[in-house]
>>> print(open('structure.pdb').read())   # PDB, C-alpha atoms and all ligand atoms
ATOM      1  CA  MET S   1      23.753   5.807 -12.412  1.00  0.00           C
ATOM      2  CA  GLY S   2      23.573   8.983 -10.330  1.00  0.00           C
ATOM      3  CA  GLY S   3      20.673  10.378  -8.329  1.00  0.00           C
ATOM      4  CA  GLN S   4      21.671   8.481  -5.199  1.00  0.00           C
ATOM      5  CA  ALA S   5      21.922  10.320  -1.892  1.00  0.00           C
ATOM      6  CA  THR S   6      25.514  10.765  -0.809  1.00  0.00           C
ATOM      7  CA  VAL S   7      26.092  10.675   2.930  1.00  0.00           C
ATOM      8  CA  VAL S   8      29.407  11.877   4.210  1.00  0.00           C
ATOM      9  CA  ALA S   9      30.663  11.666   7.779  1.00  0.00           C
ATOM     10  CA  GLN S  10      29.884  15.279   8.673  1.00  0.00           C
ATOM     11  CA  ASP S  11      26.226  14.880   7.543  1.00  0.00           C
ATOM     12  CA  VAL S  12      25.601  12.057   9.943  1.00  0.00           C
ATOM     13  CA  GLU S  13      22.878  12.690  12.530  1.00  0.00           C
ATOM     14  CA  GLY S  14      23.358   9.441  14.405  1.00  0.00           C
ATOM     15  CA  GLU S  15      22.811   5.738  14.275  1.00  0.00           C
ATOM     16  CA  ALA S  16      19.960   4.363  12.209  1.00  0.00           C
ATOM     17  CA  GLY S  17      19.711   1.054  13.969  1.00  0.00           C
ATOM     18  CA  ARG S  18      20.864  -2.469  14.301  1.00  0.00           C
ATOM     19  CA  LEU S  19      19.190  -4.922  11.965  1.00  0.00           C
ATOM     20  CA  VAL S  20      18.709  -7.672  14.525  1.00  0.00           C
ATOM     21  CA  PRO S  21      15.735  -8.994  16.506  1.00  0.00           C
ATOM     22  CA  VAL S  22      15.391  -8.293  20.218  1.00  0.00           C
ATOM     23  CA  CYS S  23      15.816 -11.443  22.312  1.00  0.00           C
ATOM     24  CA  GLU S  24      13.571 -11.843  25.364  1.00  0.00           C
ATOM     25  CA  GLY S  25      13.779 -14.953  27.515  1.00  0.00           C
ATOM     26  CA  GLY S  26      15.369 -16.877  24.648  1.00  0.00           C
ATOM     27  CA  VAL S  27      12.555 -15.888  22.261  1.00  0.00           C
ATOM     28  CA  GLU S  28      13.367 -13.619  19.339  1.00  0.00           C
ATOM     29  CA  ARG S  29      10.958 -10.724  18.894  1.00  0.00           C
ATOM     30  CA  TRP S  30      10.947  -9.179  15.443  1.00  0.00           C
ATOM     31  CA  LEU S  31       9.855  -5.568  15.113  1.00  0.00           C
ATOM     32  CA  THR S  32       8.042  -6.290  11.855  1.00  0.00           C
ATOM     33  CA  LEU S  33       6.003  -9.058  13.505  1.00  0.00           C
ATOM     34  CA  GLU S  34       5.145  -6.656  16.316  1.00  0.00           C
ATOM     35  CA  LEU S  35       3.871  -4.229  13.665  1.00  0.00           C
ATOM     36  CA  ALA S  36       1.814  -6.895  11.868  1.00  0.00           C
ATOM     37  CA  SER S  37       0.411  -8.067  15.230  1.00  0.00           C
ATOM     38  CA  THR S  38      -1.166  -4.695  16.008  1.00  0.00           C
ATOM     39  CA  ILE S  39      -4.202  -6.220  14.266  1.00  0.00           C
ATOM     40  CA  ARG S  40      -5.616  -8.929  16.530  1.00  0.00           C
ATOM     41  CA  HIS S  41      -8.889 -10.665  17.223  1.00  0.00           C
ATOM     42  CA  ASP S  42     -11.125  -9.132  19.870  1.00  0.00           C
ATOM     43  CA  GLY S  43     -12.307 -12.491  21.251  1.00  0.00           C
ATOM     44  CA  ASP S  44     -15.740 -11.845  19.794  1.00  0.00           C
ATOM     45  CA  GLY S  45     -15.353 -12.584  16.100  1.00  0.00           C
ATOM     46  CA  GLY S  46     -14.101  -9.093  15.271  1.00  0.00           C
ATOM     47  CA  VAL S  47     -10.701  -7.488  14.830  1.00  0.00           C
ATOM     48  CA  MET S  48      -9.026  -4.945  17.121  1.00  0.00           C
ATOM     49  CA  ASP S  49      -6.499  -2.451  15.815  1.00  0.00           C
ATOM     50  CA  ASP S  50      -3.922  -1.068  18.267  1.00  0.00           C
ATOM     51  CA  LEU S  51      -3.102   1.644  15.722  1.00  0.00           C
ATOM     52  CA  ALA S  52      -6.687   2.872  15.268  1.00  0.00           C
ATOM     53  CA  THR S  53      -5.948   6.168  17.030  1.00  0.00           C
ATOM     54  CA  THR S  54      -2.956   8.493  17.347  1.00  0.00           C
ATOM     55  CA  HIS S  55      -2.940   7.824  21.105  1.00  0.00           C
ATOM     56  CA  GLY S  56      -2.850   4.039  20.557  1.00  0.00           C
ATOM     57  CA  THR S  57      -0.121   4.424  17.942  1.00  0.00           C
ATOM     58  CA  THR S  58       2.006   6.564  20.284  1.00  0.00           C
ATOM     59  CA  ARG S  59       1.581   3.921  23.001  1.00  0.00           C
ATOM     60  CA  TRP S  60       2.610   1.134  20.601  1.00  0.00           C
ATOM     61  CA  ILE S  61       5.731   3.033  19.502  1.00  0.00           C
ATOM     62  CA  GLN S  62       6.768   3.650  23.113  1.00  0.00           C
ATOM     63  CA  ALA S  63       6.405  -0.101  23.704  1.00  0.00           C
ATOM     64  CA  GLN S  64       8.857  -0.780  20.835  1.00  0.00           C
ATOM     65  CA  ALA S  65      11.617   1.326  22.422  1.00  0.00           C
ATOM     66  CA  ASP S  66      13.929  -1.713  22.756  1.00  0.00           C
ATOM     67  CA  HIS S  67      13.681  -2.465  19.038  1.00  0.00           C
ATOM     68  CA  LEU S  68      14.121   1.154  17.994  1.00  0.00           C
ATOM     69  CA  THR S  69      16.700   2.259  20.509  1.00  0.00           C
ATOM     70  CA  ASP S  70      19.474   2.771  17.958  1.00  0.00           C
ATOM     71  CA  ALA S  71      17.211   3.988  15.152  1.00  0.00           C
ATOM     72  CA  VAL S  72      15.340   6.887  16.724  1.00  0.00           C
ATOM     73  CA  SER S  73      14.582   8.274  20.153  1.00  0.00           C
ATOM     74  CA  VAL S  74      10.946   7.204  20.626  1.00  0.00           C
ATOM     75  CA  GLY S  75      10.553   9.304  23.775  1.00  0.00           C
ATOM     76  CA  GLY S  76      10.369  12.458  21.660  1.00  0.00           C
ATOM     77  CA  ILE S  77       7.795  11.131  19.185  1.00  0.00           C
ATOM     78  CA  THR S  78       4.184  12.252  19.323  1.00  0.00           C
ATOM     79  CA  VAL S  79       2.100  10.633  16.638  1.00  0.00           C
ATOM     80  CA  ASP S  80      -0.114  12.871  14.501  1.00  0.00           C
ATOM     81  CA  GLU S  81      -2.717  11.574  12.059  1.00  0.00           C
ATOM     82  CA  GLY S  82      -0.303  11.778   9.113  1.00  0.00           C
ATOM     83  CA  LEU S  83       2.270   9.579  10.839  1.00  0.00           C
ATOM     84  CA  ARG S  84      -0.414   7.156  12.027  1.00  0.00           C
ATOM     85  CA  ILE S  85      -1.622   6.697   8.431  1.00  0.00           C
ATOM     86  CA  GLU S  86       1.952   6.179   7.193  1.00  0.00           C
ATOM     87  CA  ILE S  87       2.521   3.439   9.779  1.00  0.00           C
ATOM     88  CA  THR S  88      -0.784   1.686   9.051  1.00  0.00           C
ATOM     89  CA  GLU S  89      -0.099   1.815   5.280  1.00  0.00           C
ATOM     90  CA  LEU S  90       3.299   0.260   5.912  1.00  0.00           C
ATOM     91  CA  ARG S  91       1.613  -2.417   8.037  1.00  0.00           C
ATOM     92  CA  ARG S  92      -0.762  -3.143   5.143  1.00  0.00           C
ATOM     93  CA  ALA S  93       2.244  -3.641   2.858  1.00  0.00           C
ATOM     94  CA  VAL S  94       3.979  -5.866   5.417  1.00  0.00           C
ATOM     95  CA  ARG S  95       0.898  -8.044   5.879  1.00  0.00           C
ATOM     96  CA  ALA S  96       0.492  -8.351   2.091  1.00  0.00           C
ATOM     97  CA  LEU S  97       4.093  -9.593   1.872  1.00  0.00           C
ATOM     98  CA  PHE S  98       3.491 -11.931   4.812  1.00  0.00           C
ATOM     99  CA  ALA S  99       0.578 -13.358   2.821  1.00  0.00           C
ATOM    100  CA  ARG S 100       2.977 -13.960  -0.080  1.00  0.00           C
ATOM    101  CA  ALA S 101       5.531 -15.520   2.300  1.00  0.00           C
ATOM    102  CA  VAL S 102       3.064 -18.130   3.652  1.00  0.00           C
ATOM    103  CA  ASP S 103       1.641 -18.964   0.198  1.00  0.00           C
ATOM    104  CA  PRO S 104       0.389 -21.576  -0.801  1.00  0.00           C
ATOM    105  CA  ALA S 105      -1.026 -21.777   2.743  1.00  0.00           C
ATOM    106  CA  PRO S 106      -3.899 -19.310   3.172  1.00  0.00           C
ATOM    107  CA  PRO S 107      -3.125 -15.835   4.566  1.00  0.00           C
ATOM    108  CA  SER S 108      -4.526 -14.521   7.834  1.00  0.00           C
ATOM    109  CA  SER S 109      -8.296 -14.074   7.507  1.00  0.00           C
ATOM    110  CA  ALA S 110      -7.820 -10.351   8.234  1.00  0.00           C
ATOM    111  CA  ASP S 111      -5.991 -10.052   4.888  1.00  0.00           C
ATOM    112  CA  ALA S 112      -8.417 -12.054   2.787  1.00  0.00           C
ATOM    113  CA  ARG S 113     -10.539  -8.977   2.053  1.00  0.00           C
ATOM    114  CA  ARG S 114      -9.069  -6.022   0.142  1.00  0.00           C
ATOM    115  CA  PRO S 115      -5.403  -7.168   0.242  1.00  0.00           C
ATOM    116  CA  MET S 116      -2.718  -4.850  -1.160  1.00  0.00           C
ATOM    117  CA  PRO S 117      -1.259  -6.467  -4.328  1.00  0.00           C
ATOM    118  CA  ALA S 118       2.178  -7.941  -3.485  1.00  0.00           C
ATOM    119  CA  ASN S 119       4.037  -5.905  -6.129  1.00  0.00           C
ATOM    120  CA  GLN S 120       2.491  -2.679  -4.847  1.00  0.00           C
ATOM    121  CA  ALA S 121       3.379  -3.724  -1.279  1.00  0.00           C
ATOM    122  CA  LEU S 122       6.978  -4.370  -2.298  1.00  0.00           C
ATOM    123  CA  ALA S 123       7.287  -0.990  -4.035  1.00  0.00           C
ATOM    124  CA  HIS S 124       5.725   0.770  -1.035  1.00  0.00           C
ATOM    125  CA  LEU S 125       8.080  -0.928   1.439  1.00  0.00           C
ATOM    126  CA  ASN S 126      11.177  -0.035  -0.595  1.00  0.00           C
ATOM    127  CA  THR S 127      10.028   3.565  -1.120  1.00  0.00           C
ATOM    128  CA  VAL S 128       9.486   4.104   2.613  1.00  0.00           C
ATOM    129  CA  ALA S 129      12.885   2.560   3.449  1.00  0.00           C
ATOM    130  CA  ALA S 130      14.598   4.795   0.866  1.00  0.00           C
ATOM    131  CA  ARG S 131      13.312   7.959   2.547  1.00  0.00           C
ATOM    132  CA  GLU S 132      16.140   7.762   5.074  1.00  0.00           C
ATOM    133  CA  PRO S 133      19.639   7.760   3.566  1.00  0.00           C
ATOM    134  CA  VAL S 134      21.838   5.468   5.634  1.00  0.00           C
ATOM    135  CA  VAL S 135      25.433   4.309   5.404  1.00  0.00           C
ATOM    136  CA  PRO S 136      26.945   1.186   6.936  1.00  0.00           C
ATOM    137  CA  GLN S 137      29.947   1.670   9.170  1.00  0.00           C
ATOM    138  CA  LEU S 138      32.318  -0.897  10.648  1.00  0.00           C
ATOM    139  CA  ASN S 139      33.420  -0.270  14.228  1.00  0.00           C
ATOM    140  CA  TRP S 140      36.391  -2.267  15.460  1.00  0.00           C
ATOM    141  CA  PRO S 141      38.156  -0.926  18.535  1.00  0.00           C
ATOM    142  CA  GLY S 142      40.944  -3.534  18.397  1.00  0.00           C
ATOM    143  CA  GLN S 143      42.134  -7.075  18.992  1.00  0.00           C
ATOM    144  CA  GLY S 144      39.938  -9.031  21.370  1.00  0.00           C
ATOM    145  CA  THR S 145      36.846  -6.969  20.581  1.00  0.00           C
ATOM    146  CA  PRO S 146      34.659  -8.209  17.746  1.00  0.00           C
ATOM    147  CA  PRO S 147      33.873  -5.751  14.953  1.00  0.00           C
ATOM    148  CA  VAL S 148      30.347  -4.295  14.977  1.00  0.00           C
ATOM    149  CA  ALA S 149      28.368  -3.077  11.971  1.00  0.00           C
ATOM    150  CA  ARG S 150      26.228   0.032  12.429  1.00  0.00           C
ATOM    151  CA  LEU S 151      24.010   2.034  10.145  1.00  0.00           C
ATOM    152  CA  LEU S 152      24.502   5.788  10.253  1.00  0.00           C
ATOM    153  CA  SER S 153      21.764   8.203   9.241  1.00  0.00           C
ATOM    154  CA  ALA S 154      21.788  11.667   7.676  1.00  0.00           C
ATOM    155  CA  GLU S 155      18.083  12.194   8.383  1.00  0.00           C
ATOM    156  CA  SER S 156      17.074  14.607  11.140  1.00  0.00           C
ATOM    157  CA  ASP S 157      13.269  14.253  11.064  1.00  0.00           C
ATOM    158  CA  PRO S 158      12.281  11.678  13.726  1.00  0.00           C
ATOM    159  CA  HIS S 159       9.018  10.731  11.953  1.00  0.00           C
ATOM    160  CA  THR S 160      10.889   9.852   8.751  1.00  0.00           C
ATOM    161  CA  ARG S 161      13.495   7.933  10.741  1.00  0.00           C
ATOM    162  CA  LEU S 162      10.814   5.984  12.571  1.00  0.00           C
ATOM    163  CA  VAL S 163       8.874   4.896   9.481  1.00  0.00           C
ATOM    164  CA  ALA S 164      12.084   4.077   7.597  1.00  0.00           C
ATOM    165  CA  ALA S 165      13.300   1.973  10.541  1.00  0.00           C
ATOM    166  CA  LEU S 166      10.005   0.038  10.500  1.00  0.00           C
ATOM    167  CA  ALA S 167      10.446  -0.556   6.759  1.00  0.00           C
ATOM    168  CA  ARG S 168      14.070  -1.711   7.191  1.00  0.00           C
ATOM    169  CA  ALA S 169      12.936  -4.116   9.903  1.00  0.00           C
ATOM    170  CA  ALA S 170      10.464  -5.636   7.430  1.00  0.00           C
ATOM    171  CA  ILE S 171      13.127  -5.903   4.715  1.00  0.00           C
ATOM    172  CA  GLU S 172      15.520  -7.554   7.133  1.00  0.00           C
ATOM    173  CA  PHE S 173      12.954 -10.090   8.312  1.00  0.00           C
ATOM    174  CA  LEU S 174      11.592 -10.938   4.871  1.00  0.00           C
ATOM    175  CA  SER S 175      15.083 -11.497   3.478  1.00  0.00           C
ATOM    176  CA  SER S 176      16.155 -13.656   6.448  1.00  0.00           C
ATOM    177  CA  PRO S 177      15.769 -17.454   6.799  1.00  0.00           C
ATOM    178  CA  GLN S 178      13.104 -16.817   9.465  1.00  0.00           C
ATOM    179  CA  ARG S 179      10.707 -15.882   6.655  1.00  0.00           C
ATOM    180  CA  GLU S 180      10.430 -19.601   5.843  1.00  0.00           C
ATOM    181  CA  GLN S 181       9.128 -20.244   9.361  1.00  0.00           C
ATOM    182  CA  LEU S 182       6.415 -17.590   9.082  1.00  0.00           C
ATOM    183  CA  ARG S 183       2.871 -18.949   9.455  1.00  0.00           C
ATOM    184  CA  ALA S 184      -0.656 -17.565   9.701  1.00  0.00           C
ATOM    185  CA  CYS S 185      -2.245 -18.916  12.884  1.00  0.00           C
ATOM    186  CA  THR S 186      -5.034 -21.353  11.983  1.00  0.00           C
ATOM    187  CA  ALA S 187      -6.994 -21.043  15.249  1.00  0.00           C
ATOM    188  CA  PRO S 188     -10.590 -19.847  14.924  1.00  0.00           C
ATOM    189  CA  ARG S 189     -10.805 -16.025  14.815  1.00  0.00           C
ATOM    190  CA  CYS S 190      -7.018 -15.497  15.182  1.00  0.00           C
ATOM    191  CA  VAL S 191      -5.525 -13.104  12.630  1.00  0.00           C
ATOM    192  CA  ARG S 192      -1.885 -13.256  13.738  1.00  0.00           C
ATOM    193  CA  TYR S 193       1.247 -14.252  11.876  1.00  0.00           C
ATOM    194  CA  PHE S 194       4.007 -15.897  13.896  1.00  0.00           C
ATOM    195  CA  VAL S 195       7.467 -17.411  13.434  1.00  0.00           C
ATOM    196  CA  ARG S 196       7.353 -21.156  14.036  1.00  0.00           C
ATOM    197  CA  SER S 197       9.803 -22.047  16.810  1.00  0.00           C
ATOM    198  CA  HIS S 198       9.447 -25.834  16.461  1.00  0.00           C
ATOM    199  CA  GLY S 199       8.548 -28.447  13.855  1.00  0.00           C
ATOM    200  CA  ARG S 200       4.817 -28.595  13.358  1.00  0.00           C
ATOM    201  CA  GLN S 201       3.654 -25.562  15.308  1.00  0.00           C
ATOM    202  CA  GLU S 202       0.267 -24.482  13.932  1.00  0.00           C
ATOM    203  CA  TRP S 203      -0.789 -21.813  16.422  1.00  0.00           C
ATOM    204  CA  CYS S 204       0.691 -18.536  17.565  1.00  0.00           C
ATOM    205  CA  LYS S 205       0.203 -19.213  21.278  1.00  0.00           C
ATOM    206  CA  PRO S 206      -1.098 -21.962  23.609  1.00  0.00           C
ATOM    207  CA  SER S 207      -4.530 -20.349  24.044  1.00  0.00           C
ATOM    208  CA  CYS S 208      -5.017 -20.477  20.252  1.00  0.00           C
ATOM    209  CA  GLY S 209      -4.023 -24.172  20.286  1.00  0.00           C
ATOM    210  CA  ASN S 210      -6.613 -24.883  22.998  1.00  0.00           C
ATOM    211  CA  ARG S 211      -9.317 -23.056  21.036  1.00  0.00           C
ATOM    212  CA  ALA S 212      -8.424 -24.861  17.789  1.00  0.00           C
ATOM    213  CA  ARG S 213      -8.440 -28.296  19.470  1.00  0.00           C
ATOM    214  CA  ALA S 214     -11.781 -27.543  21.141  1.00  0.00           C
ATOM    215  CA  ALA S 215     -13.231 -26.482  17.760  1.00  0.00           C
ATOM    216  CA  ARG S 216     -11.972 -29.708  16.090  1.00  0.00           C
ATOM    217  CA  HIS S 217     -13.392 -31.797  18.910  1.00  0.00           C
ATOM    218  CA  TYR S 218     -16.761 -30.047  18.578  1.00  0.00           C
ATOM    219  CA  GLN S 219     -16.670 -30.605  14.806  1.00  0.00           C
ATOM    220  CA  ARG S 220     -15.986 -34.342  15.269  1.00  0.00           C
ATOM    221  CA  GLN S 221     -18.829 -34.655  17.794  1.00  0.00           C
ATOM    222  CA  ARG S 222     -21.219 -33.043  15.345  1.00  0.00           C
ATOM    223  CA  LEU S 223     -20.129 -35.425  12.556  1.00  0.00           C
ATOM    224  CA  VAL S 224     -20.621 -38.442  14.833  1.00  0.00           C
ATOM    225  CA  ALA S 225     -24.034 -37.121  15.924  1.00  0.00           C
ATOM    226  CA  SER S 226     -25.157 -36.549  12.326  1.00  0.00           C
ATOM    227  CA  ASP S 227     -23.905 -40.056  11.339  1.00  0.00           C
ATOM    228  CA  ASP S 228     -25.945 -41.564  14.192  1.00  0.00           C
ATOM    229  CA  SER S 229     -29.074 -39.676  13.204  1.00  0.00           C
ATOM    230  CA  THR S 230     -28.857 -40.908   9.578  1.00  0.00           C
ATOM    231  CA  THR S 231     -28.169 -44.531  10.534  1.00  0.00           C
ATOM    232  CA  PRO S 232     -31.425 -46.557  10.282  1.00  0.00           C
TER     233      PRO S 232
HETATM  234 ZN    ZN S 301      -3.302 -17.439  17.101  1.00  0.00          ZN
END
>>> encode(input="structure.pdb", output="structure tokens")
Amino acid sequence: MGGQATVVAQDVEGEAGRLVPVCEGGVERWLTLELASTIRHDGDGGVMDDLATTHGTTRWIQAQADHLTDAVSVGGITVDEGLRIEITELRRAVRALFARAVDPAPPSSADARRPMPANQALAHLNTVAAREPVVPQLNWPGQGTPPVARLLSAESDPHTRLVAALARAAIEFLSSPQREQLRACTAPRCVRYFVRSHGRQEWCKPSCGNRARAARHYQRQRLVASDDSTTP
């Protein structure tokens, strides 16, 4: 017992965020999937990283404003190299836990080399989340208005709040039923994880499906051709 941060009302700096996905056109967008998807194929057999530079990382954070609106004011955040490394380390932990979530199916090919061990990833995620002390609060103006849960924060440093919010988003997703719908896209070259929105979805987007079908077709043609050439 003991050693836990105590947050009292007068310490509160502001809200620390809603733990819900953003819904766009009927499609749920999860912040943690957005983070994992900053690694993507470059169309040429390689991998592109949106977080390779501080400028790219700043741009990505600004693009997540909808997700982070209650957690931290992204407008005031300028990413330095230290923050960029913290976010990419957190992404490494998230992708390692995604690999565990899709097991026994294979992980994304981008994670096959030098993966972070799952236990280390779990410890890292929880440590980053714990850097921001938060308290839940129930808001309920009265009859006819549904009660709303909020998280209040005692942390004033926006960098800490940002990284902790990214970690909480990962915790929320990985402990939700959506985790069971997580898949690694099986299209050639694709390195993305996605949440399956219907039964047997194998690919993260239609263009990946087209590429995968074309590759299977090509494979079948080659098999037929090699059968023909060995038939006397
Ligand atoms: Zn894909």
>>> closest_residue(input="structure.pdb", among="S:Ala123, S:Val148, S:Ile77, S:Ala154", to="Val135 in chain S", atoms="all atoms listed in the file")
S:Ala154
>>> residues_near_ligand(input="structure.pdb", ligand="ligand ZN 301 (chain S)", cutoff="12 Å", atoms="all atoms listed in the file", output="PyMOL selection string")
chain S and resi 37+39-43+108-109+183-196+201-212
>>> closest_atom_pairs(input="structure.pdb", of="range 91-183 of chain S", to="range 57-67 of chain S", cutoff="12 Å", atoms="all atoms listed in the file", output="JSON lines")
{"residue": "S:His159", "atom": "CA", "partner": "S:Ile61", "partner_atom": "CA", "distance": 11.3}
{"residue": "S:Leu162", "atom": "CA", "partner": "S:Ile61", "partner_atom": "CA", "distance": 9.1}
{"residue": "S:Val163", "atom": "CA", "partner": "S:Ile61", "partner_atom": "CA", "distance": 10.7}
{"residue": "S:Ala165", "atom": "CA", "partner": "S:His67", "partner_atom": "CA", "distance": 9.6}
{"residue": "S:Leu166", "atom": "CA", "partner": "S:His67", "partner_atom": "CA", "distance": 9.6}
{"residue": "S:Arg168", "atom": "CA", "partner": "S:His67", "partner_atom": "CA", "distance": 11.9}
{"residue": "S:Ala169", "atom": "CA", "partner": "S:His67", "partner_atom": "CA", "distance": 9.3}
>>> residues_around(input="structure.pdb", residues="Gly82 in chain S", least_positions_apart="3", cutoff="10 Å", atoms="all atoms listed in the file", output="ChimeraX atom specification")
/S:54,79,85-87,159
>>> closest_residue(input="structure.pdb", among="S:Glu172, S:Asp70, S:Asp80, S:Asp44", to="Val94 in chain S", atoms="all atoms listed in the file")
S:Glu172
>>> residues_around(input="structure.pdb", residues="Ala118 in chain S", least_positions_apart="4", cutoff="9 Å", atoms="all atoms listed in the file", output="compact mmCIF listing (two decimals) with C-alpha atoms, in the frame of the given file")
# COMPACT_ATOMS: atom_id res chain seq x y z
CA ALA S 93 2.24 -3.64 2.86
CA ALA S 96 0.49 -8.35 2.09
CA LEU S 97 4.09 -9.59 1.87
CA ALA S 99 0.58 -13.36 2.82
CA ARG S 100 2.98 -13.96 -0.08
CA LEU S 122 6.98 -4.37 -2.30
CA ALA S 123 7.29 -0.99 -4.04
>>> atom_distance(input="structure.pdb", atom1="CA of Thr32 in chain S", atom2="CA of Arg179 in chain S")
11.2 Å
>>> atom_distance(input="structure.pdb", atom1="CA of Arg29 in chain S", atom2="CA of Asp111 in chain S")
22.0 Å
>>> atom_distance(input="structure.pdb", atom1="CA of Arg95 in chain S", atom2="CA of Gln120 in chain S")
12.1 Å
>>> closest_residue(input="structure.pdb", among="S:Arg200, S:His124, S:Arg113, S:Arg161", to="Arg91 in chain S", atoms="all atoms listed in the file")
S:His124
>>> residues_near_point(input="structure.pdb", point="(9.7, -16.7, 1.3)", cutoff="9 Å", atoms="all atoms listed in the file", output="PDB file with C-alpha atoms, keeping the file's coordinate frame")
ATOM      1  CA  PHE S  98       3.491 -11.931   4.812  1.00  0.00           C
ATOM      2  CA  ARG S 100       2.977 -13.960  -0.080  1.00  0.00           C
ATOM      3  CA  ALA S 101       5.531 -15.520   2.300  1.00  0.00           C
ATOM      4  CA  VAL S 102       3.064 -18.130   3.652  1.00  0.00           C
ATOM      5  CA  ASP S 103       1.641 -18.964   0.198  1.00  0.00           C
ATOM      6  CA  LEU S 174      11.592 -10.938   4.871  1.00  0.00           C
ATOM      7  CA  SER S 175      15.083 -11.497   3.478  1.00  0.00           C
ATOM      8  CA  SER S 176      16.155 -13.656   6.448  1.00  0.00           C
ATOM      9  CA  PRO S 177      15.769 -17.454   6.799  1.00  0.00           C
ATOM     10  CA  GLN S 178      13.104 -16.817   9.465  1.00  0.00           C
ATOM     11  CA  ARG S 179      10.707 -15.882   6.655  1.00  0.00           C
ATOM     12  CA  GLU S 180      10.430 -19.601   5.843  1.00  0.00           C
ATOM     13  CA  GLN S 181       9.128 -20.244   9.361  1.00  0.00           C
ATOM     14  CA  LEU S 182       6.415 -17.590   9.082  1.00  0.00           C
TER      15      LEU S 182
END
